[in-house]
$ cat upload_30.cif   # mmCIF, C-alpha atoms and all ligand atoms
data_entry
#
loop_
_atom_site.label_atom_id
_atom_site.label_comp_id
_atom_site.auth_asym_id
_atom_site.auth_seq_id
_atom_site.Cartn_x
_atom_site.Cartn_y
_atom_site.Cartn_z
CA MET A 21 -34.29 -49.39 -21.15
CA THR A 22 -30.72 -49.41 -22.56
CA LYS A 23 -29.54 -45.96 -23.47
CA VAL A 24 -29.26 -45.20 -27.18
CA LYS A 25 -25.84 -43.62 -27.75
CA LYS A 26 -25.79 -42.79 -31.45
CA ILE A 27 -28.38 -42.24 -34.20
CA ALA A 28 -28.21 -41.09 -37.80
CA VAL A 29 -30.39 -38.98 -40.07
CA LEU A 30 -30.80 -38.91 -43.84
CA THR A 31 -33.06 -37.30 -46.45
CA SER A 32 -34.31 -39.39 -49.35
CA GLY A 33 -36.31 -38.93 -52.57
CA GLY A 34 -37.22 -35.46 -53.85
CA ASP A 35 -36.07 -32.63 -51.60
CA ALA A 36 -38.72 -30.48 -49.89
CA PRO A 37 -38.49 -27.06 -48.21
CA GLY A 38 -38.42 -27.67 -44.46
CA MET A 39 -36.20 -30.74 -44.56
CA ASN A 40 -33.40 -28.67 -43.03
CA ALA A 41 -35.67 -27.64 -40.18
CA ALA A 42 -36.38 -31.34 -39.53
CA ILE A 43 -32.66 -32.23 -39.61
CA ARG A 44 -31.99 -29.41 -37.16
CA ALA A 45 -34.70 -30.66 -34.81
CA VAL A 46 -33.35 -34.22 -34.97
CA VAL A 47 -29.83 -33.08 -34.17
CA ARG A 48 -30.79 -30.66 -31.40
CA THR A 49 -33.24 -33.10 -29.75
CA ALA A 50 -30.71 -35.93 -29.86
CA HIS A 51 -28.01 -33.79 -28.24
CA TYR A 52 -30.49 -32.64 -25.62
CA PHE A 53 -30.90 -36.29 -24.63
CA GLY A 54 -27.14 -36.95 -24.79
CA ILE A 55 -27.26 -38.87 -28.07
CA GLU A 56 -24.58 -38.48 -30.74
CA VAL A 57 -25.79 -37.86 -34.33
CA ALA A 58 -24.33 -38.76 -37.72
CA GLY A 59 -25.64 -37.12 -40.87
CA ILE A 60 -25.77 -39.37 -43.92
CA ARG A 61 -25.24 -37.58 -47.22
CA PHE A 62 -27.23 -38.51 -50.38
CA GLY A 63 -29.84 -40.70 -48.72
CA TYR A 64 -29.66 -44.51 -48.77
CA LYS A 65 -26.94 -44.37 -51.42
CA GLY A 66 -24.75 -42.49 -48.95
CA LEU A 67 -25.58 -44.99 -46.21
CA MET A 68 -24.44 -47.90 -48.39
CA GLU A 69 -21.24 -46.01 -49.21
CA GLY A 70 -20.60 -44.88 -45.63
CA ASP A 71 -20.87 -41.19 -46.57
CA LEU A 72 -21.32 -40.02 -42.97
CA LEU A 73 -20.48 -36.81 -41.15
CA PRO A 74 -20.75 -36.01 -37.44
CA LEU A 75 -23.47 -33.48 -36.64
CA GLY A 76 -22.71 -31.47 -33.52
CA MET A 77 -25.14 -29.14 -31.81
CA ARG A 78 -23.83 -26.12 -33.78
CA SER A 79 -23.57 -27.88 -37.16
CA VAL A 80 -27.24 -27.14 -37.82
CA SER A 81 -27.14 -23.45 -36.90
CA GLY A 82 -28.55 -21.10 -39.54
CA ILE A 83 -30.27 -23.76 -41.65
CA ILE A 84 -33.90 -23.50 -40.49
CA GLN A 85 -34.63 -20.86 -43.14
CA ARG A 86 -32.90 -22.65 -46.00
CA GLY A 87 -34.68 -24.70 -48.68
CA GLY A 88 -33.25 -27.96 -50.04
CA THR A 89 -31.45 -30.34 -47.72
CA MET A 90 -28.00 -29.80 -46.23
CA LEU A 91 -27.54 -33.59 -46.34
CA HIS A 92 -28.34 -33.81 -50.06
CA THR A 93 -30.69 -36.49 -51.30
CA ALA A 94 -30.90 -39.28 -53.86
CA ARG A 95 -33.13 -42.02 -55.23
CA SER A 96 -31.17 -45.28 -55.13
CA SER A 97 -32.18 -48.36 -57.12
CA GLU A 98 -29.31 -50.38 -55.62
CA PHE A 99 -30.65 -49.86 -52.12
CA ALA A 100 -33.98 -51.39 -53.17
CA THR A 101 -32.28 -54.83 -53.54
CA PRO A 102 -31.74 -57.32 -50.64
CA GLU A 103 -27.97 -56.87 -51.08
CA GLY A 104 -28.30 -53.09 -50.89
CA ILE A 105 -30.33 -53.26 -47.70
CA GLU A 106 -27.83 -55.68 -46.13
CA LYS A 107 -24.96 -53.40 -47.11
CA ALA A 108 -26.69 -50.35 -45.60
CA ALA A 109 -27.48 -52.22 -42.35
CA GLU A 110 -23.86 -53.38 -42.16
CA VAL A 111 -22.51 -49.83 -42.57
CA ALA A 112 -24.86 -48.68 -39.80
CA ARG A 113 -23.64 -51.47 -37.49
CA GLU A 114 -19.96 -50.72 -38.24
CA ASN A 115 -20.52 -47.06 -37.37
CA GLY A 116 -22.29 -47.79 -34.10
CA ILE A 117 -25.62 -46.39 -35.33
CA GLU A 118 -28.45 -47.61 -33.13
CA GLY A 119 -31.33 -45.74 -34.71
CA LEU A 120 -32.08 -43.95 -37.98
CA VAL A 121 -34.38 -41.09 -38.98
CA VAL A 122 -35.42 -41.13 -42.66
CA ILE A 123 -36.98 -37.92 -43.98
CA GLY A 124 -38.75 -38.62 -47.27
CA GLY A 125 -41.83 -40.09 -48.93
CA ASP A 126 -43.55 -43.47 -49.20
CA GLY A 127 -40.74 -45.11 -51.18
CA SER A 128 -38.24 -44.04 -48.53
CA PHE A 129 -40.44 -45.54 -45.81
CA ARG A 130 -40.30 -48.96 -47.48
CA GLY A 131 -36.53 -48.75 -47.10
CA ALA A 132 -36.96 -47.68 -43.49
CA MET A 133 -39.11 -50.75 -42.83
CA ALA A 134 -36.55 -53.04 -44.45
CA LEU A 135 -33.81 -51.59 -42.23
CA SER A 136 -35.97 -51.98 -39.12
CA GLU A 137 -36.42 -55.65 -40.07
CA LYS A 138 -32.61 -55.93 -40.21
CA GLY A 139 -32.46 -54.79 -36.60
CA LEU A 140 -31.87 -51.05 -37.10
CA PRO A 141 -34.76 -49.15 -35.48
CA THR A 142 -35.84 -46.62 -38.08
CA ILE A 143 -38.40 -43.81 -38.03
CA GLY A 144 -39.93 -42.25 -41.16
CA VAL A 145 -40.63 -38.50 -41.23
CA PRO A 146 -42.96 -37.38 -44.05
CA GLY A 147 -41.04 -35.03 -46.33
CA THR A 148 -42.49 -34.44 -49.79
CA ILE A 149 -44.20 -31.52 -51.47
CA ASP A 150 -46.78 -33.98 -52.87
CA ASN A 151 -48.52 -34.48 -49.49
CA ASP A 152 -49.44 -37.99 -50.66
CA ILE A 153 -48.42 -39.78 -47.46
CA VAL A 154 -51.48 -41.49 -46.20
CA CYS A 155 -51.06 -41.52 -42.42
CA THR A 156 -50.59 -37.77 -42.07
CA ASP A 157 -52.62 -34.69 -42.99
CA TYR A 158 -49.42 -32.88 -43.74
CA SER A 159 -45.96 -33.55 -45.15
CA ILE A 160 -42.93 -31.28 -44.99
CA GLY A 161 -42.68 -28.92 -47.98
CA PHE A 162 -46.33 -29.02 -49.06
CA ASP A 163 -47.19 -25.62 -47.64
CA THR A 164 -44.17 -23.88 -49.16
CA ALA A 165 -44.73 -25.51 -52.56
CA CYS A 166 -48.34 -24.31 -52.53
CA ASN A 167 -47.27 -20.78 -51.64
CA ILE A 168 -44.65 -20.69 -54.40
CA ALA A 169 -47.14 -21.87 -57.01
CA VAL A 170 -49.81 -19.42 -55.86
CA GLU A 171 -47.35 -16.54 -56.07
CA ALA A 172 -46.36 -17.61 -59.60
CA ILE A 173 -50.00 -17.84 -60.66
CA ASP A 174 -50.71 -14.35 -59.29
CA ARG A 175 -48.04 -13.13 -61.69
CA LEU A 176 -49.41 -15.15 -64.59
CA ARG A 177 -52.80 -13.61 -63.97
CA ASP A 178 -51.41 -10.11 -64.64
CA THR A 179 -49.98 -10.99 -68.03
CA SER A 180 -52.99 -13.17 -68.94
CA GLU A 181 -55.28 -10.25 -68.15
CA SER A 182 -53.26 -7.88 -70.34
CA HIS A 183 -53.50 -10.24 -73.32
CA ASN A 184 -56.99 -11.64 -72.72
CA ARG A 185 -55.53 -15.10 -72.33
CA CYS A 186 -56.09 -18.35 -70.56
CA SER A 187 -53.11 -19.62 -68.56
CA VAL A 188 -52.81 -23.36 -68.11
CA VAL A 189 -50.43 -24.06 -65.23
CA GLU A 190 -48.96 -27.50 -64.66
CA VAL A 191 -48.01 -28.20 -61.07
CA MET A 192 -46.17 -31.13 -59.49
CA GLY A 193 -47.69 -33.83 -57.31
CA HIS A 194 -46.46 -37.08 -58.85
CA ARG A 195 -49.58 -39.25 -59.20
CA ALA A 196 -51.65 -37.29 -56.65
CA GLY A 197 -53.71 -34.12 -56.94
CA TYR A 198 -53.35 -32.68 -53.42
CA LEU A 199 -50.98 -29.92 -54.52
CA ALA A 200 -53.05 -29.04 -57.58
CA LEU A 201 -56.31 -28.83 -55.65
CA GLU A 202 -54.86 -26.66 -52.87
CA ILE A 203 -53.12 -24.38 -55.39
CA GLY A 204 -56.21 -24.17 -57.59
CA VAL A 205 -58.44 -23.08 -54.72
CA ALA A 206 -55.89 -20.62 -53.32
CA SER A 207 -55.27 -19.00 -56.69
CA GLY A 208 -58.94 -18.75 -57.66
CA ALA A 209 -58.51 -20.96 -60.71
CA LEU A 210 -61.32 -21.49 -63.19
CA ALA A 211 -60.73 -25.23 -62.95
CA VAL A 212 -58.39 -27.77 -61.37
CA LEU A 213 -57.59 -31.04 -63.13
CA VAL A 214 -56.44 -33.82 -60.80
CA PRO A 215 -55.54 -37.45 -61.56
CA GLU A 216 -58.08 -38.73 -59.02
CA ARG A 217 -60.98 -37.37 -61.11
CA SER A 218 -59.76 -37.97 -64.67
CA CYS A 219 -60.07 -34.97 -66.93
CA ASP A 220 -63.87 -34.90 -67.03
CA LEU A 221 -63.95 -31.13 -66.63
CA MET A 222 -63.00 -30.14 -70.17
CA GLU A 223 -66.56 -29.52 -71.39
CA GLU A 224 -67.29 -27.57 -68.22
CA ILE A 225 -64.18 -25.44 -68.83
CA TYR A 226 -65.20 -24.60 -72.40
CA VAL A 227 -68.70 -23.61 -71.30
CA LYS A 228 -67.41 -21.42 -68.45
CA ILE A 229 -64.93 -19.64 -70.72
CA ARG A 230 -67.50 -19.07 -73.46
CA THR A 231 -70.27 -18.00 -71.09
CA HIS A 232 -68.41 -15.71 -68.74
CA GLN A 233 -66.18 -14.01 -71.32
CA LYS A 234 -63.60 -13.07 -68.69
CA THR A 235 -60.46 -11.18 -69.61
CA GLN A 236 -58.26 -13.97 -68.21
CA ASN A 237 -58.63 -17.51 -66.95
CA ILE A 238 -56.40 -19.80 -64.92
CA VAL A 239 -56.58 -23.58 -65.24
CA VAL A 240 -54.41 -25.69 -62.90
CA VAL A 241 -53.39 -29.15 -64.12
CA SER A 242 -51.66 -31.75 -61.98
CA GLU A 243 -48.68 -33.40 -63.66
CA GLY A 244 -50.27 -36.78 -62.90
CA CYS A 245 -53.33 -36.20 -65.11
CA ARG A 246 -53.81 -38.58 -68.00
CA THR A 247 -54.33 -35.71 -70.47
CA PRO A 248 -50.99 -33.83 -70.62
CA SER A 249 -51.11 -30.13 -69.78
CA ALA A 250 -49.98 -29.17 -73.30
CA GLU A 251 -52.97 -31.03 -74.70
CA VAL A 252 -55.28 -29.32 -72.19
CA ALA A 253 -53.99 -25.93 -73.36
CA ARG A 254 -54.41 -26.88 -77.02
CA LEU A 255 -57.97 -28.11 -76.49
CA ILE A 256 -58.99 -24.98 -74.60
CA GLU A 257 -57.74 -22.70 -77.36
CA GLU A 258 -59.34 -24.87 -80.06
CA ASN A 259 -62.73 -25.11 -78.34
CA THR A 260 -63.07 -21.59 -76.99
CA GLY A 261 -61.02 -19.45 -79.35
CA MET A 262 -59.27 -17.89 -76.33
CA SER A 263 -55.53 -17.48 -76.76
CA THR A 264 -53.95 -19.95 -74.29
CA ARG A 265 -50.45 -20.36 -72.89
CA LEU A 266 -48.94 -23.20 -70.88
CA THR A 267 -46.57 -22.72 -67.93
CA VAL A 268 -44.94 -25.74 -66.31
CA LEU A 269 -43.80 -24.69 -62.84
CA GLY A 270 -41.66 -27.81 -62.36
CA HIS A 271 -38.86 -27.76 -59.79
CA ILE A 272 -39.40 -24.07 -58.96
CA GLN A 273 -42.00 -25.44 -56.53
CA ARG A 274 -39.34 -27.30 -54.56
CA GLY A 275 -36.96 -24.40 -53.96
CA GLY A 276 -36.81 -21.41 -51.67
CA ALA A 277 -37.19 -20.65 -47.99
CA PRO A 278 -39.68 -22.87 -46.16
CA SER A 279 -42.87 -21.27 -44.87
CA SER A 280 -43.41 -20.76 -41.17
CA LEU A 281 -45.81 -23.74 -41.11
CA ASP A 282 -43.24 -26.02 -42.76
CA ARG A 283 -40.54 -24.94 -40.31
CA VAL A 284 -42.72 -25.49 -37.27
CA ASN A 285 -44.18 -28.82 -38.35
CA ALA A 286 -40.81 -30.14 -39.53
CA THR A 287 -39.42 -29.24 -36.11
CA ARG A 288 -42.24 -31.08 -34.33
CA LEU A 289 -41.85 -34.17 -36.51
CA GLY A 290 -38.06 -34.27 -36.11
CA TYR A 291 -38.44 -34.01 -32.35
CA ARG A 292 -40.98 -36.86 -32.20
CA ALA A 293 -38.78 -39.13 -34.35
CA VAL A 294 -35.89 -38.84 -31.89
CA ASP A 295 -38.17 -39.17 -28.90
CA LEU A 296 -39.32 -42.56 -30.24
CA LEU A 297 -35.80 -43.77 -31.04
CA ARG A 298 -34.44 -42.83 -27.61
CA LYS A 299 -37.20 -44.98 -26.09
CA GLY A 300 -36.02 -47.92 -28.22
CA ILE A 301 -39.02 -47.66 -30.59
CA GLY A 302 -38.48 -48.16 -34.33
CA ASN A 303 -40.39 -49.11 -37.48
CA ARG A 304 -42.77 -46.15 -37.14
CA VAL A 305 -43.83 -43.25 -39.34
CA VAL A 306 -44.57 -40.00 -37.55
CA GLY A 307 -47.24 -37.63 -38.80
CA ILE A 308 -49.62 -34.82 -37.93
CA GLN A 309 -53.37 -35.40 -37.79
CA SER A 310 -55.78 -32.65 -36.75
CA ASP A 311 -52.67 -30.72 -35.70
CA LYS A 312 -51.57 -33.44 -33.23
CA LEU A 313 -48.39 -35.53 -33.53
CA VAL A 314 -49.14 -39.19 -34.26
CA ASP A 315 -47.10 -42.27 -35.16
CA TYR A 316 -47.92 -45.55 -36.90
CA ASP A 317 -46.31 -48.86 -37.67
CA ILE A 318 -44.74 -48.36 -41.12
CA GLN A 319 -46.61 -51.22 -42.81
CA GLU A 320 -49.89 -50.03 -41.29
CA ALA A 321 -49.14 -46.50 -42.53
CA LEU A 322 -48.37 -47.71 -46.06
CA ASP A 323 -51.58 -49.76 -46.18
CA MET A 324 -53.86 -46.81 -45.33
CA GLN A 325 -55.99 -45.16 -48.03
CA LYS A 326 -56.21 -41.45 -48.69
CA SER A 327 -57.69 -39.43 -51.50
CA ILE A 328 -58.16 -35.78 -52.30
CA GLU A 329 -60.52 -33.94 -49.98
CA GLU A 330 -63.92 -34.50 -51.61
CA GLU A 331 -65.54 -31.43 -50.14
CA LEU A 332 -62.68 -29.13 -51.20
CA TYR A 333 -62.93 -30.51 -54.73
CA THR A 334 -66.67 -29.78 -54.82
CA ILE A 335 -66.11 -26.31 -53.39
CA SER A 336 -63.48 -25.56 -56.01
CA ARG A 337 -65.99 -26.36 -58.76
CA ILE A 338 -68.75 -24.29 -57.17
CA VAL A 339 -66.76 -21.14 -56.51
CA SER A 340 -64.89 -21.00 -59.81
CA MET A 341 -66.52 -19.34 -62.77
O1 LIG B 401 -42.06 -36.31 -55.10
C1 LIG B 401 -41.76 -34.98 -55.26
C2 LIG B 401 -41.70 -34.62 -56.72
O2 LIG B 401 -41.37 -33.25 -56.82
C3 LIG B 401 -42.95 -34.94 -57.54
O3 LIG B 401 -43.96 -33.98 -57.40
C4 LIG B 401 -42.39 -35.02 -58.93
O4 LIG B 401 -43.18 -35.83 -59.74
C5 LIG B 401 -41.03 -35.64 -58.69
O5 LIG B 401 -40.69 -35.36 -57.35
C6 LIG B 401 -39.94 -35.09 -59.59
O6 LIG B 401 -38.79 -35.82 -59.34
P1 LIG B 401 -37.33 -35.40 -59.78
O7 LIG B 401 -36.85 -34.32 -58.86
O8 LIG B 401 -36.53 -36.65 -59.62
O9 LIG B 401 -37.42 -34.91 -61.18
#
$ encode --input "upload_30.cif" --output "structure tokens"
Amino acid sequence: MTKVKKIAVLTSGGDAPGMNAAIRAVVRTAHYFGIEVAGIRFGYKGLMEGDLLPLGMRSVSGIIQRGGTMLHTARSSEFATPEGIEKAAEVARENGIEGLVVIGGDGSFRGAMALSEKGLPTIGVPGTIDNDIVCTDYSIGFDTACNIAVEAIDRLRDTSESHNRCSVVEVMGHRAGYLALEIGVASGALAVLVPERSCDLMEEIYVKIRTHQKTQNIVVVSEGCRTPSAEVARLIEENTGMSTRLTVLGHIQRGGAPSSLDRVNATRLGYRAVDLLRKGIGNRVVGIQSDKLVDYDIQEALDMQKSIEEELYTISRIVSM
């Protein structure tokens, strides 16, 4: 096995709390094994432009508790072209980079696969609050985003109660309902609308509100639902007579200090990514399944199917009233 001398790390796509903990783990693990590390700023865009900085052992001190990503991030359309990929691979070669860790979501992993095909061993680390990466139970940032939303909803409940209102809360998740379902259950919502189930719950919501006559109600809507959250709020007020307000949590869910779970799991994933690269293994996505570290071929990982947890969805409907 030839010794890997230098690797690089970048974050790509939407930022997620815990990305810094993963960067720290990558840097510290690499140094432990005597491997030099370059940080690439602004994701694949930065790689194409050669926006690199050396990351010494101490350069990642004091970042484990910080949200966002110290390397910044970007979504690059230029990188998605054959020319862009060639350019990025060339910059890596020129800088002596022999392996790359990409922390991001599905889209970022397609780029990682393309770079592996160009001869740069690349490992994908799941980092997105959406938790929509198929080969892993967990992605970095999901836990923190859930906690932030639940805390916000606890506050909304107070004011909704005072005014006898229904609060419709739109949460992120792109086209997937994992975040919404988790948040809905944890906040004791009356209903959770997720894209995977269309919005077939509206009648049920009206009946529950009319029947139970509660002093406040919380309805969580995933941003990916076909019926926009504003329309959901309007329909609820129209069909139940209950004063209704809409809150869109938006990017608030992506900020703030990562939870303990996000810090620990990000650290484990970052470690495993470097461990694979130092063994000369690339073109893999690392993940956590049943609390164990796993890794898959990137194409195999992208081809897997995952949907919201059926049982949790059923439970959420049974326990909410
Ligand atoms: O993928 C993470 C995510 O926060 C999604 O939930 C959301 O749809 C999207 O990113 C928002 O992207 P942007 O930060 O580019 O507005």
$ closest_atom_pairs --input "upload_30.cif" --of "chain A" --to "ligand LIG 401 (chain B)" --cutoff "8 Å" --atoms "all atoms listed in the file" --output "Markdown table"
| residue | atom | partner | partner_atom | distance |
| --- | --- | --- | --- | --- |
| A:Gly33 | CA | B:LIG401 | O1 | 6.8 |
| A:Gly34 | CA | B:LIG401 | C1 | 4.8 |
| A:Asp35 | CA | B:LIG401 | C1 | 7.2 |
| A:Ala36 | CA | B:LIG401 | C1 | 7.6 |
| A:Arg95 | CA | B:LIG401 | O8 | 7.7 |
| A:Gly125 | CA | B:LIG401 | O1 | 7.2 |
| A:Thr148 | CA | B:LIG401 | C1 | 5.5 |
| A:Ile149 | CA | B:LIG401 | C1 | 5.7 |
| A:Asp150 | CA | B:LIG401 | O3 | 5.3 |
| A:Val191 | CA | B:LIG401 | O3 | 8.0 |
| A:Met192 | CA | B:LIG401 | O3 | 4.2 |
| A:Gly193 | CA | B:LIG401 | O3 | 3.7 |
| A:His194 | CA | B:LIG401 | O4 | 3.6 |
| A:Arg195 | CA | B:LIG401 | O4 | 7.3 |
| A:Glu243 | CA | B:LIG401 | O4 | 7.2 |
| A:Gly244 | CA | B:LIG401 | O4 | 7.8 |
| A:Gly270 | CA | B:LIG401 | O2 | 7.8 |
| A:His271 | CA | B:LIG401 | O2 | 6.7 |
| A:Gln273 | CA | B:LIG401 | O2 | 7.8 |
| A:Arg274 | CA | B:LIG401 | O2 | 6.7 |
$ atom_distance --input "upload_30.cif" --atom1 "CA of Gly63 (chain A)" --atom2 "CA of Ala94 (chain A)"
5.4 Å
$ closest_residue --input "upload_30.cif" --among "A:Ser263, A:Leu221, A:Val189, A:Val294" --to "Val29 (chain A)" --atoms "only C-alpha atoms"
A:Val294
$ atom_distance --input "upload_30.cif" --atom1 "CA of Leu135 (chain A)" --atom2 "CA of Arg304 (chain A)"
11.7 Å
$ closest_residue --input "upload_30.cif" --among "A:Glu56, A:Glu258, A:Asp282, A:Glu331" --to "Ile117 (chain A)" --atoms "all atoms listed in the file"
A:Glu56
$ atom_distance --input "upload_30.cif" --atom1 "CA of Arg61 (chain A)" --atom2 "CA of Met90 (chain A)"
8.3 Å
$ closest_residue --input "upload_30.cif" --among "A:Ser32, A:Gln319, A:Thr156, A:Ser279" --to "Gly87 (chain A)" --atoms "only C-alpha atoms"
A:Ser279
$ build_atoms --input "upload_30.cif" --residues "region 68-77 of chain A" --atoms "all heavy atoms" --output "PDB file, keeping the file's coordinate frame"
ATOM      1  N   MET A  68     -25.145 -46.715 -47.867  1.00  0.00           N
ATOM      2  CA  MET A  68     -24.440 -47.900 -48.390  1.00  0.00           C
ATOM      3  C   MET A  68     -22.949 -47.614 -48.576  1.00  0.00           C
ATOM      4  O   MET A  68     -22.116 -48.491 -48.403  1.00  0.00           O
ATOM      5  CB  MET A  68     -25.048 -48.329 -49.732  1.00  0.00           C
ATOM      6  CG  MET A  68     -26.417 -48.960 -49.599  1.00  0.00           C
ATOM      7  SD  MET A  68     -27.007 -49.599 -51.165  1.00  0.00           S
ATOM      8  CE  MET A  68     -27.123 -48.120 -52.143  1.00  0.00           C
ATOM      9  N   GLU A  69     -22.649 -46.367 -48.938  1.00  0.00           N
ATOM     10  CA  GLU A  69     -21.240 -46.010 -49.210  1.00  0.00           C
ATOM     11  C   GLU A  69     -20.525 -45.472 -47.975  1.00  0.00           C
ATOM     12  O   GLU A  69     -19.356 -45.103 -48.047  1.00  0.00           O
ATOM     13  CB  GLU A  69     -21.194 -44.952 -50.326  1.00  0.00           C
ATOM     14  CG  GLU A  69     -21.659 -45.510 -51.658  1.00  0.00           C
ATOM     15  CD  GLU A  69     -21.902 -44.426 -52.710  1.00  0.00           C
ATOM     16  OE1 GLU A  69     -21.736 -43.228 -52.387  1.00  0.00           O
ATOM     17  OE2 GLU A  69     -22.267 -44.800 -53.835  1.00  0.00           O
ATOM     18  N   GLY A  70     -21.220 -45.392 -46.872  1.00  0.00           N
ATOM     19  CA  GLY A  70     -20.600 -44.880 -45.630  1.00  0.00           C
ATOM     20  C   GLY A  70     -20.285 -43.398 -45.695  1.00  0.00           C
ATOM     21  O   GLY A  70     -19.310 -42.939 -45.099  1.00  0.00           O
ATOM     22  N   ASP A  71     -21.103 -42.633 -46.431  1.00  0.00           N
ATOM     23  CA  ASP A  71     -20.870 -41.190 -46.570  1.00  0.00           C
ATOM     24  C   ASP A  71     -21.490 -40.465 -45.356  1.00  0.00           C
ATOM     25  O   ASP A  71     -22.575 -39.888 -45.437  1.00  0.00           O
ATOM     26  CB  ASP A  71     -21.498 -40.727 -47.892  1.00  0.00           C
ATOM     27  CG  ASP A  71     -21.075 -39.321 -48.273  1.00  0.00           C
ATOM     28  OD1 ASP A  71     -20.434 -38.648 -47.438  1.00  0.00           O
ATOM     29  OD2 ASP A  71     -21.393 -38.886 -49.399  1.00  0.00           O
ATOM     30  N   LEU A  72     -20.788 -40.539 -44.246  1.00  0.00           N
ATOM     31  CA  LEU A  72     -21.320 -40.020 -42.970  1.00  0.00           C
ATOM     32  C   LEU A  72     -20.530 -38.813 -42.484  1.00  0.00           C
ATOM     33  O   LEU A  72     -19.327 -38.732 -42.736  1.00  0.00           O
ATOM     34  CB  LEU A  72     -21.201 -41.123 -41.897  1.00  0.00           C
ATOM     35  CG  LEU A  72     -22.344 -42.139 -41.758  1.00  0.00           C
ATOM     36  CD1 LEU A  72     -22.542 -42.938 -43.016  1.00  0.00           C
ATOM     37  CD2 LEU A  72     -22.053 -43.083 -40.600  1.00  0.00           C
ATOM     38  N   LEU A  73     -21.199 -37.916 -41.789  1.00  0.00           N
ATOM     39  CA  LEU A  73     -20.480 -36.810 -41.150  1.00  0.00           C
ATOM     40  C   LEU A  73     -21.060 -36.575 -39.760  1.00  0.00           C
ATOM     41  O   LEU A  73     -22.279 -36.715 -39.568  1.00  0.00           O
ATOM     42  CB  LEU A  73     -20.524 -35.542 -42.005  1.00  0.00           C
ATOM     43  CG  LEU A  73     -21.809 -34.759 -42.139  1.00  0.00           C
ATOM     44  CD1 LEU A  73     -21.502 -33.322 -42.524  1.00  0.00           C
ATOM     45  CD2 LEU A  73     -22.716 -35.367 -43.178  1.00  0.00           C
ATOM     46  N   PRO A  74     -20.208 -36.257 -38.785  1.00  0.00           N
ATOM     47  CA  PRO A  74     -20.750 -36.010 -37.440  1.00  0.00           C
ATOM     48  C   PRO A  74     -21.534 -34.701 -37.420  1.00  0.00           C
ATOM     49  O   PRO A  74     -21.121 -33.718 -38.035  1.00  0.00           O
ATOM     50  CB  PRO A  74     -19.488 -35.906 -36.568  1.00  0.00           C
ATOM     51  CG  PRO A  74     -18.367 -35.664 -37.504  1.00  0.00           C
ATOM     52  CD  PRO A  74     -18.762 -36.077 -38.876  1.00  0.00           C
ATOM     53  N   LEU A  75     -22.665 -34.705 -36.735  1.00  0.00           N
ATOM     54  CA  LEU A  75     -23.470 -33.480 -36.640  1.00  0.00           C
ATOM     55  C   LEU A  75     -23.524 -33.035 -35.179  1.00  0.00           C
ATOM     56  O   LEU A  75     -24.274 -33.597 -34.373  1.00  0.00           O
ATOM     57  CB  LEU A  75     -24.883 -33.706 -37.186  1.00  0.00           C
ATOM     58  CG  LEU A  75     -25.013 -33.954 -38.696  1.00  0.00           C
ATOM     59  CD1 LEU A  75     -26.464 -34.206 -39.083  1.00  0.00           C
ATOM     60  CD2 LEU A  75     -24.455 -32.789 -39.512  1.00  0.00           C
ATOM     61  N   GLY A  76     -22.706 -32.029 -34.879  1.00  0.00           N
ATOM     62  CA  GLY A  76     -22.710 -31.470 -33.520  1.00  0.00           C
ATOM     63  C   GLY A  76     -23.870 -30.489 -33.384  1.00  0.00           C
ATOM     64  O   GLY A  76     -24.513 -30.119 -34.370  1.00  0.00           O
ATOM     65  N   MET A  77     -24.087 -30.094 -32.144  1.00  0.00           N
ATOM     66  CA  MET A  77     -25.140 -29.140 -31.810  1.00  0.00           C
ATOM     67  C   MET A  77     -25.162 -27.915 -32.728  1.00  0.00           C
ATOM     68  O   MET A  77     -26.189 -27.461 -33.194  1.00  0.00           O
ATOM     69  CB  MET A  77     -24.818 -28.698 -30.378  1.00  0.00           C
ATOM     70  CG  MET A  77     -25.910 -28.190 -29.552  1.00  0.00           C
ATOM     71  SD  MET A  77     -27.161 -29.400 -29.261  1.00  0.00           S
ATOM     72  CE  MET A  77     -27.778 -28.842 -27.707  1.00  0.00           C
TER      73      MET A  77
END
